[in-house]
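Participant: Sending over a structure as structure tokens; questions will come in a sec.
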Number of protein chains: 2
Amino acid sequence: MRATAKAHTNIALIKYWGKRNEQLILPTNNSLSITLDGFYTETTVHFKENLTEDIFILNDEIISGVPYNQVTTYLNLFRNYVQRPTLYAEVNSINKVPTAAGFASSASGFAALAAASARALNLQLSDKELSRFMRRGSGSACRSIYGGFVEWEKGSKEDGSDSYAIQIAPQDHWDVRVAAVVLNAKEKDLSSRKGMKRTVDTSIFYDAWLQNVPKDLQEIKEGIHARNFEKVGSIAEANCMKMHATTLGAFPAFTYWQNVTMDVMQTIWQLRSNGILAYFTIDAGPNVKVLYLPRDEEDVLKTLRNIDGVSEVIVSKVGEGISYL
Amino acid sequence: MRATAKAHTNIALIKYWGKRNEQLILPTNNSLSITLDGFYTETTVHFKENLTEDIFILNDEIISGVPYNQVTTYLNLFRNYVQRPTLYAEVNSINKVPTAAGFASSASGFAALAAASARALNLQLSDKELSRFMRRGSGSACRSIYGGFVEWEKGSKEDGSDSYAIQIAPQDHWDVRVAAVVLNAKEKDLSSRKGMKRTVDTSIFYDAWLQNVPKDLQEIKEGIHARNFEKVGSIAEANCMKMHATTLGAFPAFTYWQNVTMDVMQTIWQLRSNGILAYFTIDAGPNVKVLYLPRDEEDVLKTLRNIDGVSEVIVSKVGEGISYL
């Protein structure tokens with residue numbers, strides 16, 4: 001009853017932005033991501049007969065409070081699945097996703113936790129079943145089951161049984177790069193969960209966002225299959241702009257952008273006007289991720305590292321899906 | 001055939017954002033502004049029988065090129081109106097609207113030019129007729145005919161005859177203040193005219209913007225009549241956010257914001273969380289205008305002047321409409 005899984009985080013090019021069911025974590029729109037090899041979580045789950053509660057160790061520290069509660073609540077899904085409500089586990093995680101990088105460590109975290117738990121219990125789940133389990137921990141986690149380019153099908157069923165990830169193209173399909181641009185910025189005021197909910201509930205632009213996603217998805221998938229970087233980059237950047245527009249139409253209006261966020265965006269536009277194909281995407285926080293091709297790596301990184309207020313630029317290649325150690 | 005008029009600029013609380021007719025300058029939505037006493041243009045128009053072309057002097061300099069062509073094209077409207085196609089004028093303007101302040105000097109400029117031209121020709125126009133003439137020079141100019149709080153009725157007729165300004169409340173109705181926060185920023189890349197057109201033509205959010213304006217207008221007018229500053233400020237700020245959201249949904253997406261724009265916005269939110277009622281609005285450029293009450297003037301100005309990247313903060317009270325000198 002012991003297994004170790006490794007999951008990489010992912011960055012959405014078509015954003016997950018809104019839930020139709022908060023409890024089951026069912027989204028209002030399909031999303032599409034690249035799995036990143038630079039950022040991952042490695043988790044060992046060891047179910048033990050003699051434990052009276054779960055133990056959660058993260059980066060060699062025993063964890064209590066909210067993160068502990070999230071893990072133990074999540075493990076209840078597996079305990080219920082095997083009808084062993086008092087089968088507790090020792091969970092040991094190594095997280096190689098710097099929180100400051102603005103990547104959702106919850107994506108790789110819950111993907112690794114789900115995979116290790118299922119394997120420890122010898123559940124023999126299909127990919128669809130496992131992706132659905134990951135989704136229940138954190139929506140974007142369900143995409144980390146696969147490497148390469150991954151789409152999360154929103155599904156339409158109320159029980160969420162048709163809401164899981166599918167692979168669009170494998171890791172070795174295309175060598176694109178993602179630079180995580182970490183800003184000297186304070187923590188975000190509004191969590192992505194709360195910002196998403198306020199937007200769904202109040203933004204005058206939310207319907208238009210939803211209506212537009214299928215078109216962006218269709219076109220970016222064409223671009224990925226054809227390895228058309230200009231097409232993929234420009235659709236991803238435009239989709240990010242539209243997601244952030246919805247927050248400006250919420251009530252009260254808000255934004256995740258900060259001063260240096262704007263500087264990075266303008267720097268990318270400047271790079272493109274100089275003929276270097278680089279595109280940005282931004283999640284629910286101030287940091288920026290930049291997409292580019294290997295041939296432009298030196299120029300892009302040098303330019304990004306020269307921006308005042310940028311503390312770090314971390315490069316990632318396209319990563320692989322879940323693996324077991 | 002000589003007259004001098006003085007017109008103040010205005011700042012929109014409900015934004016004019018899109019034309020339904022580019023030639024006649026007919027807007028897609030009603031807008032609402034405060035006339036500002038701090039910024040104005042004083043223009044003398046002298047029609048002379050013996051001139052062979054118009055002469056345009058601005059701040060004691062003889063002007064040629066694009067600004068000259070705009071003035072002379074505009075004067076054709078009056079020449080056609082009086083059926084004197086070769087009656088040229090000497091136009092002498094003093095502009096007290098620093099271009100850097102990000103106020104449309106075109107608003108006070110064309111309002112003063114229209115009023116002086118009409119008076120010089122002894123046209124005896126009604127306010128509606130004069131406001132319509134102002135509109136043909138620059139849309140927002142039509143609001144500068146009145147002091148206080150002014151609405152521009154979009155109208156529905158194709159010839160624009162029902163598209164003019166009406167006064168919502170006079171200058172002495174309410175003492176609110178506007179601080180123009182001037183940034184150390186470079187000139188905007190995209191003119192408001194071009195940005196507006198790209199948004200109307202391509203933004204996925206433009207329909208939602210249009211549908212929302214009547215509600216914002218109705219509520220802000222209630223707030224103005226009741227002198228409810230929190231209501232007026234929060235609607236104005238939200239309307240500005242929605243206008244800027246539409247640019248993020250255009251293709252290609254764009255924004256008028258820059259790094260310090262974000263800092264000023266966040267500073268205003270910080271002020272409010274400290275109990276000081278201040279609200280921002282932003283037009284098609286990086287500068288910010290801040291609305292506040294006289295009682296908070298010292299706190300607001302001190303805070304704004306302390307922001308890195310702010311070069312100047314210029315205060316204005318509610319101004320009066322057209323006057324003749």
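How things are named: the first chain in the structure tokens is A, the next is B, and so on; residues count from 1 in each chain; ligands count from 1 in the order shown.
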If you take only C-alpha atoms and a cut-off of 9 Å, which residues of chain A touch chain B, and what are their nearest atom pairs and distances in Å to one decimal, in chain and number order, as a Markdown table?
Facilitator:
```
| residue | atom | partner | partner_atom | distance |
| --- | --- | --- | --- | --- |
| A:Ile204 | CA | B:Ala208 | CA | 6.2 |
| A:Phe205 | CA | B:Phe205 | CA | 6.0 |
| A:Tyr206 | CA | B:Phe205 | CA | 9.0 |
| A:Asp207 | CA | B:Ala208 | CA | 8.7 |
| A:Ala208 | CA | B:Phe205 | CA | 6.2 |
| A:Trp209 | CA | B:Ile204 | CA | 7.7 |
| A:Asn212 | CA | B:Ile204 | CA | 7.5 |
| A:Ser234 | CA | B:Pro252 | CA | 8.8 |
| A:Glu237 | CA | B:Ala253 | CA | 8.7 |
| A:Ala238 | CA | B:Ala253 | CA | 6.4 |
| A:Asn239 | CA | B:Gly249 | CA | 8.5 |
| A:Cys240 | CA | B:Leu248 | CA | 9.0 |
| A:Met241 | CA | B:Leu248 | CA | 5.2 |
| A:Lys242 | CA | B:Gly249 | CA | 5.2 |
| A:Met243 | CA | B:Leu248 | CA | 8.8 |
| A:His244 | CA | B:Leu248 | CA | 7.8 |
| A:Ala245 | CA | B:Ala245 | CA | 4.5 |
| A:Thr246 | CA | B:Ala245 | CA | 7.1 |
| A:Thr247 | CA | B:Ala245 | CA | 8.3 |
| A:Leu248 | CA | B:Met241 | CA | 5.2 |
| A:Gly249 | CA | B:Lys242 | CA | 5.2 |
| A:Ala250 | CA | B:Ala238 | CA | 8.5 |
| A:Phe251 | CA | B:Ala238 | CA | 7.7 |
| A:Pro252 | CA | B:Ala238 | CA | 7.5 |
| A:Ala253 | CA | B:Ala238 | CA | 6.4 |
| A:Phe254 | CA | B:Met241 | CA | 8.6 |
| A:Trp257 | CA | B:Met262 | CA | 7.6 |
| A:Gln258 | CA | B:Met262 | CA | 5.9 |
| A:Asn259 | CA | B:Asn259 | CA | 3.9 |
| A:Val260 | CA | B:Asn259 | CA | 6.1 |
| A:Thr261 | CA | B:Asn259 | CA | 7.5 |
| A:Met262 | CA | B:Asn259 | CA | 5.3 |
| A:Asp263 | CA | B:Asn259 | CA | 6.0 |
| A:Gln266 | CA | B:Gln258 | CA | 8.4 |
```
Participant: Tell me, as a ChimeraX atom specification, which residues lie within 6 Å of Ile94 in chain A, counting only C-alpha atoms; anything in the same chain fewer than 5 positions away does not count.
Facilitator: /A:41-42,58-59
Participant: Create the file for the chosen residues now, containing C-alpha atoms and written as a PDB file, in the first residue's frame.
Facilitator:
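The resulting file, result.pdb, is reproduced below:
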```pdb
ATOM      1  CA  THR A  41       5.896  17.411  -7.366  1.00  0.00           C
ATOM      2  CA  GLU A  42       7.066  13.971  -6.253  1.00  0.00           C
ATOM      3  CA  LEU A  58       6.049  18.560   2.503  1.00  0.00           C
ATOM      4  CA  ASN A  59       9.692  19.269   1.660  1.00  0.00           C
TER       5      ASN A  59
END
```
Participant: Which distance in Å separates CA of Ile34 in chain B and CA of Asn274 in chain B, to one decimal?
Facilitator: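 Between CA of Ile34 in chain B and CA of Asn274 in chain B the gap is 26.0 Å.
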Participant: Would you compute the distance between CA of Ala116 in chain A and CA of Arg132 in chain A? Give it in Å to one decimal.
Facilitator: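 According to the coordinates, CA of Ala116 in chain A and CA of Arg132 in chain A are separated by 14.4 Å.
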Participant: Which polymer residues have any atom within 12 Å of an atom of Asp299 in chain B, counting only C-alpha atoms, with same-chain residues fewer than 3 positions away left out, as a ChimeraX atom specification?
Facilitator: /B:267-268,271-272,274-278,292-296,302-306
Participant: Residues of the last selection are to be written out with N, CA and C atoms, as a compact mmCIF listing (two decimals), in the first residue's frame.
Facilitator:
```
# COMPACT_ATOMS: atom_id res chain seq x y z
N THR B 267 -2.97 52.55 -5.66
CA THR B 267 -2.89 53.55 -4.59
C THR B 267 -4.30 54.05 -4.23
N ILE B 268 -5.14 54.24 -5.23
CA ILE B 268 -6.51 54.69 -4.98
C ILE B 268 -7.28 53.62 -4.20
N LEU B 271 -6.15 53.89 -0.70
CA LEU B 271 -6.76 55.05 -0.04
C LEU B 271 -8.17 54.69 0.42
N ARG B 272 -8.94 54.05 -0.43
CA ARG B 272 -10.32 53.71 -0.06
C ARG B 272 -10.36 52.72 1.10
N ASN B 274 -8.42 52.69 3.38
CA ASN B 274 -8.13 53.50 4.58
C ASN B 274 -9.23 54.52 4.85
N GLY B 275 -10.36 54.40 4.16
CA GLY B 275 -11.51 55.24 4.48
C GLY B 275 -11.58 56.55 3.74
N ILE B 276 -10.66 56.79 2.81
CA ILE B 276 -10.70 58.04 2.04
C ILE B 276 -11.38 57.76 0.71
N LEU B 277 -12.47 58.50 0.45
CA LEU B 277 -13.24 58.25 -0.77
C LEU B 277 -12.57 58.93 -1.97
N ALA B 278 -11.79 58.15 -2.70
CA ALA B 278 -11.19 58.63 -3.94
C ALA B 278 -11.42 57.56 -5.00
N TYR B 292 -12.38 63.22 -5.96
CA TYR B 292 -12.41 63.19 -4.49
C TYR B 292 -13.21 64.39 -4.01
N LEU B 293 -13.44 64.44 -2.71
CA LEU B 293 -14.18 65.55 -2.11
C LEU B 293 -13.20 66.55 -1.50
N PRO B 294 -13.59 67.83 -1.40
CA PRO B 294 -12.68 68.86 -0.88
C PRO B 294 -12.08 68.49 0.49
N ARG B 295 -12.87 67.86 1.35
CA ARG B 295 -12.38 67.53 2.70
C ARG B 295 -11.15 66.61 2.66
N ASP B 296 -11.01 65.83 1.59
CA ASP B 296 -9.90 64.87 1.51
C ASP B 296 -8.74 65.37 0.65
N LYS B 302 -1.29 64.54 -1.42
CA LYS B 302 -0.01 64.11 -0.84
C LYS B 302 0.30 62.68 -1.27
N THR B 303 -0.73 61.84 -1.22
CA THR B 303 -0.53 60.43 -1.58
C THR B 303 -0.18 60.29 -3.06
N LEU B 304 -0.90 61.01 -3.91
CA LEU B 304 -0.65 60.89 -5.35
C LEU B 304 0.74 61.40 -5.72
N ARG B 305 1.14 62.51 -5.08
CA ARG B 305 2.45 63.10 -5.42
C ARG B 305 3.61 62.25 -4.94
N ASN B 306 3.34 61.31 -4.03
CA ASN B 306 4.39 60.42 -3.52
C ASN B 306 4.63 59.18 -4.38
```
